[in-house]
Amino acid sequence: MDDTIASHLASSAERRLSTLSHHLTGHSASMASEIPISALSPSATAGSYGGVSSVFVNILQAPEDPILGVTVAYNKDPSPVKVNLGVGAYRTEEGKPLVLNVVRKAEQLLVNNPSGVKEYLPITGLAEFNKLSAKLIFGAESPAIRENRVATVQGLSGTGSLRVGGEFLARHYFERTIYIPQPTWGNHPKIFTLSGLAVKYYRYYDPATRGLNFHGLLEDLSSAPPGAIVLLHACAHNPTGVDPTLEQWEQIRQLMRSKGLLPFFDSAYQGFASGSLDADAQSVRMFVADGGECLAAQSYAKNMGLYGERVGALSIVCKSSDVAGRVESQLKLVIRPMYSNPPIHGASIVATILKNSELYNEWTVELKMMADRIISMRRQLFDALSKRGTPGDWSHILKQIGMFTFTGLNSDQVAFMTKEFHIYMTSDGRISMAGLSSRTVPHLADAIHAAVARIN
């Protein structure tokens, strides 16, 4: 370029920058001089500026979640002997979180897949995951699957799947009352109330026997209005660990079908309760085998250790494939404005494991290992209490199943154990057996013994 032209361009650019700078600073200064001081002062509702109160000043401090708050309190305790039995997550014998080997293998396969992408999933989620999830809970030979009568969508773990199901029912089902067991997981009433359903309870747990109040359950369901929705824990009832026998399940099924009650299963522990995926799905399969309709929410948090991946599914078994197609179309309308579409990673892990026979078999081995360790903790705790001669009958610890045990301890005894022994659990006396280890069982047994001996 000619030096004269280059010099002219540079000079021109400098003039434009100088003019712009003068315009901005001068204009800003003149504008500032014209704006009243009062307009620059923060108003009483303008937020927390210069010490002025926030527009949210009247917001009350919300209480901690009764379950998650246990972990918050535990984390604040500096004691070296503290034990957290409130967390609903599996822990190793060393008290550490566990990532299954089969999950690591599946993730490695996904990472190494050159065709893997991070595109949005459809509203209903990963199609392969949905198909495999339905087969897992209903059985590969289920007539409902064979006849294409199942509408399955991927959900945000069990919680999200329940919420989508609840909102779908509130929009499209003629009866908007749902009966849930007393007691149940603390999030259930909140989920269904916010979904637009009216929540009522049916008797479930008998404090006197620390077992199932089967008579009360049947009586309450018999009194429910025709068509009412009934929430059923598929297995390993949370928080009690008390499940109906197969014979009792059959009686429940007959009663519900005779009254036209709609079953809504929450399956959070398939394979994690007994160690058998098929055994833990028997209650659900009973209701599907009779040709009737039902809903089932699944979670892979516990049985694959995918807590933070938030991966689950909602399946609605319908009378025909035509109805199932229309149900799916309406589920999309529930999901789209709620979270648009689900995350891809966790569902891809599950699908990779379920479709690969080698990985699937390895998963069942690891799953049984976790279930067996929990069963072992039950035996060790029962033996430790028996050895100490702790007052009362503690056989319910062995009879209950799954991650949780409803100890029968009252809130005063729980508070005593927290204060004197640094043991954390929910105030209703529910403990997570997965949070125990051979090292901490004696400490817990000492605490229970002392609490029962001193406080009625």
# chains A, B, ... in the order shown; residues from 1 in each chain; ligands from 1
call {"tool": "residues_around", "arguments": {"residues": "stretch 357-360 of chain A", "least_positions_apart": "4", "cutoff": "9 Å", "atoms": "only C-alpha atoms", "output": "PyMOL selection string"}}
result
chain A and resi 102-103+105-106+352-353+364-365
call {"tool": "write_last_selection", "arguments": {"atoms": "all heavy atoms", "output": "mmCIF file, in the first residue's frame"}}
result
data_model
loop_
_atom_site.group_PDB
_atom_site.id
_atom_site.type_symbol
_atom_site.label_atom_id
_atom_site.label_comp_id
_atom_site.auth_asym_id
_atom_site.auth_seq_id
_atom_site.Cartn_x
_atom_site.Cartn_y
_atom_site.Cartn_z
ATOM 1 N N VAL A 102 -19.513 -51.628 36.160
ATOM 2 C CA VAL A 102 -20.208 -51.750 34.882
ATOM 3 C C VAL A 102 -20.612 -50.372 34.353
ATOM 4 O O VAL A 102 -20.639 -50.150 33.134
ATOM 5 C CB VAL A 102 -21.430 -52.682 35.025
ATOM 6 C CG1 VAL A 102 -22.547 -52.042 35.832
ATOM 7 C CG2 VAL A 102 -21.932 -53.127 33.665
ATOM 8 N N VAL A 103 -20.864 -49.450 35.246
ATOM 9 C CA VAL A 103 -21.176 -48.082 34.821
ATOM 10 C C VAL A 103 -19.938 -47.424 34.223
ATOM 11 O O VAL A 103 -20.011 -46.745 33.186
ATOM 12 C CB VAL A 103 -21.725 -47.261 36.006
ATOM 13 C CG1 VAL A 103 -21.751 -45.764 35.683
ATOM 14 C CG2 VAL A 103 -23.127 -47.740 36.373
ATOM 15 N N LYS A 105 -17.498 -48.939 32.750
ATOM 16 C CA LYS A 105 -17.277 -49.565 31.445
ATOM 17 C C LYS A 105 -18.212 -48.984 30.388
ATOM 18 O O LYS A 105 -17.808 -48.710 29.249
ATOM 19 C CB LYS A 105 -17.475 -51.085 31.541
ATOM 20 C CG LYS A 105 -16.381 -51.805 32.286
ATOM 21 C CD LYS A 105 -16.638 -53.315 32.318
ATOM 22 C CE LYS A 105 -15.541 -54.049 33.066
ATOM 23 N NZ LYS A 105 -15.784 -55.515 33.101
ATOM 24 N N ALA A 106 -19.467 -48.812 30.760
ATOM 25 C CA ALA A 106 -20.444 -48.253 29.821
ATOM 26 C C ALA A 106 -20.062 -46.825 29.433
ATOM 27 O O ALA A 106 -20.148 -46.444 28.255
ATOM 28 C CB ALA A 106 -21.839 -48.288 30.442
ATOM 29 N N THR A 352 -26.876 -48.697 27.327
ATOM 30 C CA THR A 352 -25.664 -49.456 26.987
ATOM 31 C C THR A 352 -25.572 -50.727 27.819
ATOM 32 O O THR A 352 -25.218 -51.798 27.315
ATOM 33 C CB THR A 352 -24.410 -48.582 27.211
ATOM 34 O OG1 THR A 352 -24.489 -47.428 26.370
ATOM 35 C CG2 THR A 352 -23.134 -49.349 26.890
ATOM 36 N N ILE A 353 -25.906 -50.627 29.095
ATOM 37 C CA ILE A 353 -25.826 -51.790 29.987
ATOM 38 C C ILE A 353 -26.951 -52.784 29.688
ATOM 39 O O ILE A 353 -26.731 -53.996 29.617
ATOM 40 C CB ILE A 353 -25.878 -51.333 31.455
ATOM 41 C CG1 ILE A 353 -24.599 -50.565 31.816
ATOM 42 C CG2 ILE A 353 -26.052 -52.527 32.400
ATOM 43 C CD1 ILE A 353 -24.646 -49.859 33.158
ATOM 44 N N THR A 364 -26.035 -57.332 37.147
ATOM 45 C CA THR A 364 -26.825 -58.129 38.094
ATOM 46 C C THR A 364 -25.957 -58.667 39.226
ATOM 47 O O THR A 364 -26.420 -58.786 40.361
ATOM 48 C CB THR A 364 -27.533 -59.294 37.382
ATOM 49 O OG1 THR A 364 -26.570 -60.165 36.779
ATOM 50 C CG2 THR A 364 -28.500 -58.786 36.307
ATOM 51 N N VAL A 365 -24.697 -58.966 38.929
ATOM 52 C CA VAL A 365 -23.775 -59.440 39.972
ATOM 53 C C VAL A 365 -23.481 -58.321 40.964
ATOM 54 O O VAL A 365 -23.518 -58.516 42.192
ATOM 55 C CB VAL A 365 -22.469 -59.967 39.342
ATOM 56 C CG1 VAL A 365 -21.422 -60.241 40.426
ATOM 57 C CG2 VAL A 365 -22.730 -61.235 38.520
#
call {"tool": "select_by_dssp", "arguments": {"residues": "stretch 94-284 of chain A", "states": "alpha helix (DSSP H)", "output": "PyMOL selection string"}}
result
chain A and resi 101-112+127-138+143-146+157-172+187-195+214-223+246-259+282-284
call {"tool": "select_by_dssp", "arguments": {"residues": "stretch 179-312 of chain A", "states": "strand (DSSP E)", "output": "NGL selection string"}}
result
:A and (179-182 or 198-203 or 205-206 or 211-212 or 229-233 or 262-267 or 294-299 or 311-312)
call {"tool": "closest_residue", "arguments": {"among": "A:Val230, A:Ala151, A:Ile178, A:Val72", "to": "A:Arg326", "atoms": "only C-alpha atoms"}}
result
A:Ala151
call {"tool": "closest_residue", "arguments": {"among": "A:Ser267, A:Gln108, A:Ser142, A:Ser340", "to": "A:Met286", "atoms": "only C-alpha atoms"}}
result
A:Ser142
call {"tool": "residues_around", "arguments": {"residues": "A:Ser315", "least_positions_apart": "3", "cutoff": "10 Å", "atoms": "only C-alpha atoms", "output": "tab-separated table (two decimals) with N, CA, C and O atoms, in the first residue's frame"}}
result
chain	number	residue	atom	x	y	z
A	130	ASN	N	-36.11	-46.07	26.64
A	130	ASN	CA	-37.52	-46.26	26.98
A	130	ASN	C	-37.96	-47.70	26.76
A	130	ASN	O	-38.62	-48.31	27.60
A	131	LYS	N	-37.58	-48.25	25.61
A	131	LYS	CA	-37.96	-49.62	25.26
A	131	LYS	C	-37.37	-50.62	26.25
A	131	LYS	O	-38.05	-51.54	26.73
A	133	SER	N	-36.27	-50.01	29.32
A	133	SER	CA	-36.80	-49.79	30.67
A	133	SER	C	-38.14	-50.48	30.86
A	133	SER	O	-38.41	-51.08	31.90
A	134	ALA	N	-39.00	-50.39	29.84
A	134	ALA	CA	-40.30	-51.06	29.91
A	134	ALA	C	-40.12	-52.57	30.02
A	134	ALA	O	-40.80	-53.24	30.81
A	137	ILE	N	-39.00	-53.67	33.69
A	137	ILE	CA	-39.99	-53.70	34.76
A	137	ILE	C	-41.17	-54.62	34.45
A	137	ILE	O	-41.69	-55.30	35.33
A	138	PHE	N	-41.59	-54.68	33.19
A	138	PHE	CA	-42.76	-55.50	32.86
A	138	PHE	C	-42.40	-56.92	32.42
A	138	PHE	O	-43.27	-57.79	32.40
A	150	VAL	N	-47.95	-50.01	25.71
A	150	VAL	CA	-47.22	-49.26	26.74
A	150	VAL	C	-46.67	-47.96	26.16
A	150	VAL	O	-45.95	-47.98	25.16
A	151	ALA	N	-47.00	-46.85	26.79
A	151	ALA	CA	-46.42	-45.55	26.44
A	151	ALA	C	-45.35	-45.24	27.49
A	151	ALA	O	-45.66	-45.12	28.67
A	152	THR	N	-44.09	-45.15	27.05
A	152	THR	CA	-42.98	-44.90	27.99
A	152	THR	C	-42.25	-43.63	27.60
A	152	THR	O	-41.94	-43.41	26.42
A	153	VAL	N	-41.99	-42.79	28.59
A	153	VAL	CA	-41.19	-41.58	28.37
A	153	VAL	C	-40.07	-41.55	29.40
A	153	VAL	O	-40.23	-42.01	30.53
A	154	GLN	N	-38.94	-41.01	29.00
A	154	GLN	CA	-37.83	-40.83	29.92
A	154	GLN	C	-38.14	-39.68	30.86
A	154	GLN	O	-38.67	-38.65	30.44
A	155	GLY	N	-37.85	-39.86	32.16
A	155	GLY	CA	-38.11	-38.81	33.14
A	155	GLY	C	-36.87	-38.45	33.92
A	155	GLY	O	-35.82	-39.10	33.80
A	161	SER	N	-40.44	-38.51	37.05
A	161	SER	CA	-41.38	-39.43	36.41
A	161	SER	C	-42.73	-39.41	37.13
A	161	SER	O	-43.79	-39.43	36.52
A	165	GLY	N	-46.32	-38.06	35.57
A	165	GLY	CA	-47.49	-38.92	35.66
A	165	GLY	C	-48.63	-38.25	36.42
A	165	GLY	O	-49.80	-38.33	36.02
A	264	PHE	N	-50.73	-46.84	40.53
A	264	PHE	CA	-49.59	-46.04	40.11
A	264	PHE	C	-48.41	-46.53	40.95
A	264	PHE	O	-48.29	-46.24	42.13
A	265	PHE	N	-47.53	-47.31	40.32
A	265	PHE	CA	-46.39	-47.90	41.02
A	265	PHE	C	-45.20	-46.95	41.03
A	265	PHE	O	-44.87	-46.33	40.02
A	294	CYS	N	-52.39	-49.36	34.17
A	294	CYS	CA	-51.63	-48.91	35.35
A	294	CYS	C	-50.51	-47.99	34.91
A	294	CYS	O	-50.20	-47.88	33.72
A	295	LEU	N	-49.90	-47.33	35.89
A	295	LEU	CA	-48.74	-46.47	35.65
A	295	LEU	C	-47.57	-46.99	36.49
A	295	LEU	O	-47.78	-47.56	37.57
A	296	ALA	N	-46.35	-46.79	35.99
A	296	ALA	CA	-45.16	-47.18	36.75
A	296	ALA	C	-44.05	-46.17	36.53
A	296	ALA	O	-43.69	-45.87	35.38
A	297	ALA	N	-43.54	-45.64	37.63
A	297	ALA	CA	-42.38	-44.74	37.58
A	297	ALA	C	-41.15	-45.51	38.02
A	297	ALA	O	-41.17	-46.19	39.04
A	298	GLN	N	-40.10	-45.44	37.21
A	298	GLN	CA	-38.85	-46.15	37.51
A	298	GLN	C	-37.73	-45.17	37.80
A	298	GLN	O	-37.70	-44.07	37.25
A	318	CYS	N	-51.74	-49.27	28.73
A	318	CYS	CA	-53.08	-48.93	28.24
A	318	CYS	C	-53.81	-50.16	27.72
A	318	CYS	O	-53.23	-51.23	27.60
A	324	ALA	N	-52.48	-45.97	23.71
A	324	ALA	CA	-51.09	-45.71	24.14
A	324	ALA	C	-50.47	-44.60	23.30
A	324	ALA	O	-49.74	-43.74	23.82
A	328	GLU	N	-49.19	-41.03	24.81
A	328	GLU	CA	-47.83	-40.51	24.62
A	328	GLU	C	-47.86	-39.09	24.06
A	328	GLU	O	-47.07	-38.23	24.47
call {"tool": "residues_around", "arguments": {"residues": "A:Val452", "least_positions_apart": "2", "cutoff": "8 Å", "atoms": "only C-alpha atoms", "output": "list in words"}}
result
Thr390, Pro391, Leu409, Gln413, Ile448, His449, Ala450, Arg454, Ile455 and Asn456 of chain A
call {"tool": "write_last_selection", "arguments": {"atoms": "N, CA and C atoms", "output": "CSV table (one decimal), in the first residue's frame"}}
result
chain,number,residue,atom,x,y,z
A,390,THR,N,-30.9,-55.6,74.5
A,390,THR,CA,-31.7,-54.4,74.3
A,390,THR,C,-33.2,-54.7,74.5
A,391,PRO,N,-33.9,-54.0,75.3
A,391,PRO,CA,-35.3,-54.3,75.6
A,391,PRO,C,-36.1,-54.2,74.3
A,409,LEU,N,-38.0,-46.4,66.8
A,409,LEU,CA,-37.5,-45.4,67.8
A,409,LEU,C,-38.4,-44.1,67.6
A,413,GLN,N,-36.0,-40.3,71.3
A,413,GLN,CA,-34.9,-41.3,71.3
A,413,GLN,C,-33.9,-41.0,70.2
A,448,ILE,N,-28.7,-47.3,70.4
A,448,ILE,CA,-30.1,-47.7,70.5
A,448,ILE,C,-30.4,-48.3,71.9
A,449,HIS,N,-29.4,-49.1,72.4
A,449,HIS,CA,-29.6,-49.6,73.7
A,449,HIS,C,-29.8,-48.6,74.7
A,450,ALA,N,-28.9,-47.5,74.7
A,450,ALA,CA,-28.9,-46.5,75.7
A,450,ALA,C,-30.2,-45.7,75.5
A,454,ARG,N,-33.2,-45.5,78.5
A,454,ARG,CA,-33.4,-44.2,79.2
A,454,ARG,C,-34.7,-43.5,78.8
A,455,ILE,N,-35.1,-43.6,77.6
A,455,ILE,CA,-36.3,-42.8,77.1
A,455,ILE,C,-37.4,-43.8,76.6
A,456,ASN,N,-38.6,-43.6,77.1
A,456,ASN,CA,-39.7,-44.4,76.6
A,456,ASN,C,-40.3,-43.8,75.4
call {"tool": "closest_residue", "arguments": {"among": "A:Met403, A:Tyr90, A:Tyr204, A:His396", "to": "A:Ile375", "atoms": "only C-alpha atoms"}}
result
A:Met403
call {"tool": "closest_residue", "arguments": {"among": "A:Ala384, A:Leu262, A:Ala451, A:Leu333", "to": "A:Thr124", "atoms": "only C-alpha atoms"}}
result
A:Leu333
call {"tool": "closest_residue", "arguments": {"among": "A:Phe168, A:Gly116, A:Pro143, A:Asn361", "to": "A:Ile335", "atoms": "only C-alpha atoms"}}
result
A:Phe168
call {"tool": "atom_distance", "arguments": {"atom1": "atom CA of A:Thr405", "atom2": "atom CA of A:Glu219"}}
result
25.4 Å
call {"tool": "residues_around", "arguments": {"residues": "A:Ala228", "least_positions_apart": "5", "cutoff": "10 Å", "atoms": "only C-alpha atoms", "output": "ChimeraX atom specification"}}
result
/A:173-179,221,256,259-263
call {"tool": "write_last_selection", "arguments": {"atoms": "N, CA and C atoms", "output": "short mmCIF file (atom, residue, chain, number, x, y, z; two decimals), in the first residue's frame"}}
result
data_model
loop_
_atom_site.label_atom_id
_atom_site.label_comp_id
_atom_site.auth_asym_id
_atom_site.auth_seq_id
_atom_site.Cartn_x
_atom_site.Cartn_y
_atom_site.Cartn_z
N TYR A 173 -57.45 -37.55 33.56
CA TYR A 173 -58.14 -38.65 34.22
C TYR A 173 -59.36 -38.11 34.96
N PHE A 174 -60.42 -38.87 34.99
CA PHE A 174 -61.68 -38.35 35.53
C PHE A 174 -61.69 -38.22 37.06
N GLU A 175 -60.85 -38.99 37.75
CA GLU A 175 -60.80 -38.93 39.22
C GLU A 175 -59.46 -38.33 39.64
N ARG A 176 -59.51 -37.21 40.35
CA ARG A 176 -58.27 -36.49 40.68
C ARG A 176 -57.85 -36.69 42.13
N THR A 177 -58.25 -37.81 42.71
CA THR A 177 -57.81 -38.14 44.08
C THR A 177 -56.83 -39.29 44.03
N ILE A 178 -55.71 -39.12 44.71
CA ILE A 178 -54.71 -40.20 44.79
C ILE A 178 -54.54 -40.61 46.25
N TYR A 179 -54.60 -41.90 46.51
CA TYR A 179 -54.38 -42.45 47.84
C TYR A 179 -52.93 -42.91 47.95
N LEU A 221 -58.84 -48.93 51.14
CA LEU A 221 -58.99 -48.99 49.68
C LEU A 221 -60.41 -49.37 49.30
N MET A 256 -58.56 -53.83 44.03
CA MET A 256 -58.42 -52.63 43.22
C MET A 256 -59.12 -52.79 41.87
N LYS A 259 -62.93 -52.53 42.14
CA LYS A 259 -63.44 -51.18 42.35
C LYS A 259 -63.01 -50.20 41.26
N GLY A 260 -62.24 -50.70 40.29
CA GLY A 260 -61.77 -49.82 39.22
C GLY A 260 -60.76 -48.80 39.67
N LEU A 261 -60.00 -49.10 40.73
CA LEU A 261 -58.95 -48.20 41.21
C LEU A 261 -57.75 -48.28 40.27
N LEU A 262 -57.10 -47.15 40.05
CA LEU A 262 -55.99 -47.09 39.09
C LEU A 262 -54.65 -47.20 39.82
N PRO A 263 -53.85 -48.26 39.58
CA PRO A 263 -52.56 -48.41 40.26
C PRO A 263 -51.49 -47.50 39.66
#
call {"tool": "residues_around", "arguments": {"residues": "stretch 426-437 of chain A", "least_positions_apart": "6", "cutoff": "10 Å", "atoms": "only C-alpha atoms", "output": "MDAnalysis selection string"}}
result
chainID A and resid 66:71 83:97 183 238:241 370:371 373:378 380:381 397 401:415 444
call {"tool": "write_last_selection", "arguments": {"atoms": "N, CA and C atoms", "output": "compact mmCIF listing (two decimals), in the first residue's frame"}}
result
# COMPACT_ATOMS: atom_id res chain seq x y z
N PRO A 66 -36.72 -32.55 55.51
CA PRO A 66 -36.53 -33.44 56.67
C PRO A 66 -35.54 -34.58 56.41
N ILE A 67 -35.37 -34.96 55.14
CA ILE A 67 -34.41 -36.03 54.82
C ILE A 67 -33.05 -35.44 54.48
N LEU A 68 -33.02 -34.51 53.52
CA LEU A 68 -31.74 -33.91 53.12
C LEU A 68 -31.14 -33.06 54.23
N GLY A 69 -32.01 -32.54 55.13
CA GLY A 69 -31.52 -31.75 56.25
C GLY A 69 -30.70 -32.55 57.23
N VAL A 70 -30.92 -33.87 57.27
CA VAL A 70 -30.13 -34.74 58.14
C VAL A 70 -28.66 -34.68 57.74
N THR A 71 -28.42 -34.71 56.44
CA THR A 71 -27.04 -34.65 55.94
C THR A 71 -26.42 -33.28 56.21
N VAL A 83 -22.11 -40.70 62.49
CA VAL A 83 -22.61 -41.66 61.50
C VAL A 83 -23.87 -41.09 60.85
N ASN A 84 -23.90 -41.09 59.53
CA ASN A 84 -25.05 -40.58 58.81
C ASN A 84 -25.90 -41.74 58.30
N LEU A 85 -27.06 -41.93 58.92
CA LEU A 85 -27.98 -43.01 58.50
C LEU A 85 -29.24 -42.43 57.86
N GLY A 86 -29.17 -41.17 57.47
CA GLY A 86 -30.31 -40.54 56.82
C GLY A 86 -30.23 -40.58 55.31
N VAL A 87 -29.02 -40.65 54.78
CA VAL A 87 -28.85 -40.56 53.33
C VAL A 87 -29.42 -41.77 52.61
N GLY A 88 -30.21 -41.52 51.57
CA GLY A 88 -30.80 -42.61 50.79
C GLY A 88 -29.92 -43.00 49.62
N ALA A 89 -28.68 -43.29 49.90
CA ALA A 89 -27.74 -43.68 48.84
C ALA A 89 -26.84 -44.78 49.38
N TYR A 90 -26.44 -45.68 48.49
CA TYR A 90 -25.60 -46.80 48.90
C TYR A 90 -24.20 -46.32 49.29
N ARG A 91 -23.66 -46.96 50.30
CA ARG A 91 -22.29 -46.70 50.73
C ARG A 91 -21.55 -48.03 50.84
N THR A 92 -20.25 -48.00 50.61
CA THR A 92 -19.43 -49.20 50.73
C THR A 92 -19.18 -49.50 52.20
N GLU A 93 -18.52 -50.60 52.46
CA GLU A 93 -18.15 -50.98 53.83
C GLU A 93 -17.27 -49.89 54.46
N GLU A 94 -16.57 -49.14 53.62
CA GLU A 94 -15.72 -48.05 54.11
C GLU A 94 -16.48 -46.74 54.24
N GLY A 95 -17.78 -46.77 53.93
CA GLY A 95 -18.60 -45.57 54.04
C GLY A 95 -18.47 -44.63 52.87
N LYS A 96 -17.96 -45.13 51.74
CA LYS A 96 -17.74 -44.28 50.57
C LYS A 96 -18.83 -44.50 49.52
N PRO A 97 -19.14 -43.46 48.73
CA PRO A 97 -20.05 -43.65 47.59
C PRO A 97 -19.45 -44.65 46.61
N PRO A 183 -47.11 -44.49 56.57
CA PRO A 183 -46.35 -43.37 56.00
C PRO A 183 -45.86 -43.68 54.58
N ASN A 238 -40.55 -47.43 51.21
CA ASN A 238 -39.81 -46.35 51.86
C ASN A 238 -40.82 -45.47 52.60
N PRO A 239 -40.73 -45.34 53.93
CA PRO A 239 -39.56 -45.57 54.77
C PRO A 239 -39.56 -46.86 55.58
N THR A 240 -40.59 -47.70 55.50
CA THR A 240 -40.73 -48.77 56.49
C THR A 240 -39.96 -50.05 56.18
N GLY A 241 -39.67 -50.31 54.90
CA GLY A 241 -39.05 -51.59 54.55
C GLY A 241 -40.02 -52.75 54.66
N MET A 370 -24.59 -55.47 46.31
CA MET A 370 -25.09 -54.37 47.13
C MET A 370 -26.25 -54.82 48.01
N ALA A 371 -27.19 -55.56 47.41
CA ALA A 371 -28.35 -56.04 48.17
C ALA A 371 -27.91 -56.96 49.31
N ARG A 373 -25.04 -56.98 50.87
CA ARG A 373 -24.36 -56.24 51.93
C ARG A 373 -25.38 -55.59 52.87
N ILE A 374 -26.46 -55.09 52.31
CA ILE A 374 -27.51 -54.48 53.14
C ILE A 374 -28.17 -55.54 54.02
N ILE A 375 -28.44 -56.71 53.44
CA ILE A 375 -29.03 -57.81 54.21
C ILE A 375 -28.09 -58.22 55.35
N SER A 376 -26.78 -58.22 55.06
CA SER A 376 -25.78 -58.54 56.07
C SER A 376 -25.79 -57.52 57.21
N MET A 377 -25.98 -56.24 56.87
CA MET A 377 -26.04 -55.20 57.90
C MET A 377 -27.25 -55.40 58.82
N ARG A 378 -28.35 -55.86 58.24
CA ARG A 378 -29.53 -56.15 59.05
C ARG A 378 -29.21 -57.24 60.10
N GLN A 380 -26.26 -58.19 61.23
CA GLN A 380 -25.27 -57.73 62.20
C GLN A 380 -25.89 -56.83 63.26
N LEU A 381 -26.80 -55.93 62.84
CA LEU A 381 -27.43 -55.03 63.80
C LEU A 381 -28.35 -55.81 64.74
N ILE A 397 -36.18 -55.91 62.15
CA ILE A 397 -34.99 -55.52 61.39
C ILE A 397 -34.67 -56.56 60.33
N ILE A 401 -37.27 -55.13 54.41
CA ILE A 401 -36.44 -55.37 53.24
C ILE A 401 -36.02 -54.05 52.60
N GLY A 402 -34.88 -54.10 51.92
CA GLY A 402 -34.44 -52.93 51.16
C GLY A 402 -33.49 -52.04 51.93
N MET A 403 -33.36 -50.82 51.41
CA MET A 403 -32.37 -49.90 51.95
C MET A 403 -32.70 -49.41 53.35
N PHE A 404 -34.00 -49.28 53.67
CA PHE A 404 -34.38 -48.63 54.92
C PHE A 404 -34.98 -49.59 55.95
N THR A 405 -34.77 -49.24 57.20
CA THR A 405 -35.42 -49.94 58.32
C THR A 405 -36.15 -48.91 59.17
N PHE A 406 -37.40 -49.21 59.47
CA PHE A 406 -38.18 -48.38 60.38
C PHE A 406 -37.95 -48.96 61.77
N THR A 407 -37.07 -48.34 62.53
CA THR A 407 -36.60 -48.94 63.79
C THR A 407 -37.67 -49.02 64.87
N GLY A 408 -38.63 -48.10 64.84
CA GLY A 408 -39.60 -48.01 65.92
C GLY A 408 -39.16 -47.03 67.00
N LEU A 409 -38.00 -46.42 66.83
CA LEU A 409 -37.53 -45.41 67.78
C LEU A 409 -38.36 -44.14 67.61
N ASN A 410 -38.66 -43.46 68.73
CA ASN A 410 -39.43 -42.22 68.63
C ASN A 410 -38.50 -41.01 68.49
N SER A 411 -39.11 -39.85 68.28
CA SER A 411 -38.31 -38.65 68.00
C SER A 411 -37.41 -38.25 69.17
N ASP A 412 -37.86 -38.49 70.40
CA ASP A 412 -37.02 -38.17 71.56
C ASP A 412 -35.80 -39.08 71.61
N GLN A 413 -36.00 -40.34 71.31
CA GLN A 413 -34.88 -41.29 71.29
C GLN A 413 -33.90 -40.95 70.17
N VAL A 414 -34.45 -40.55 69.03
CA VAL A 414 -33.59 -40.15 67.90
C VAL A 414 -32.76 -38.93 68.29
N ALA A 415 -33.40 -37.94 68.92
CA ALA A 415 -32.68 -36.72 69.34
C ALA A 415 -31.59 -37.05 70.35
N LEU A 444 -23.86 -47.98 66.72
CA LEU A 444 -25.30 -47.79 66.60
C LEU A 444 -26.05 -48.63 67.64
call {"tool": "atom_distance", "arguments": {"atom1": "atom CA of A:Gly291", "atom2": "atom CA of A:Glu147"}}
result
11.0 Å
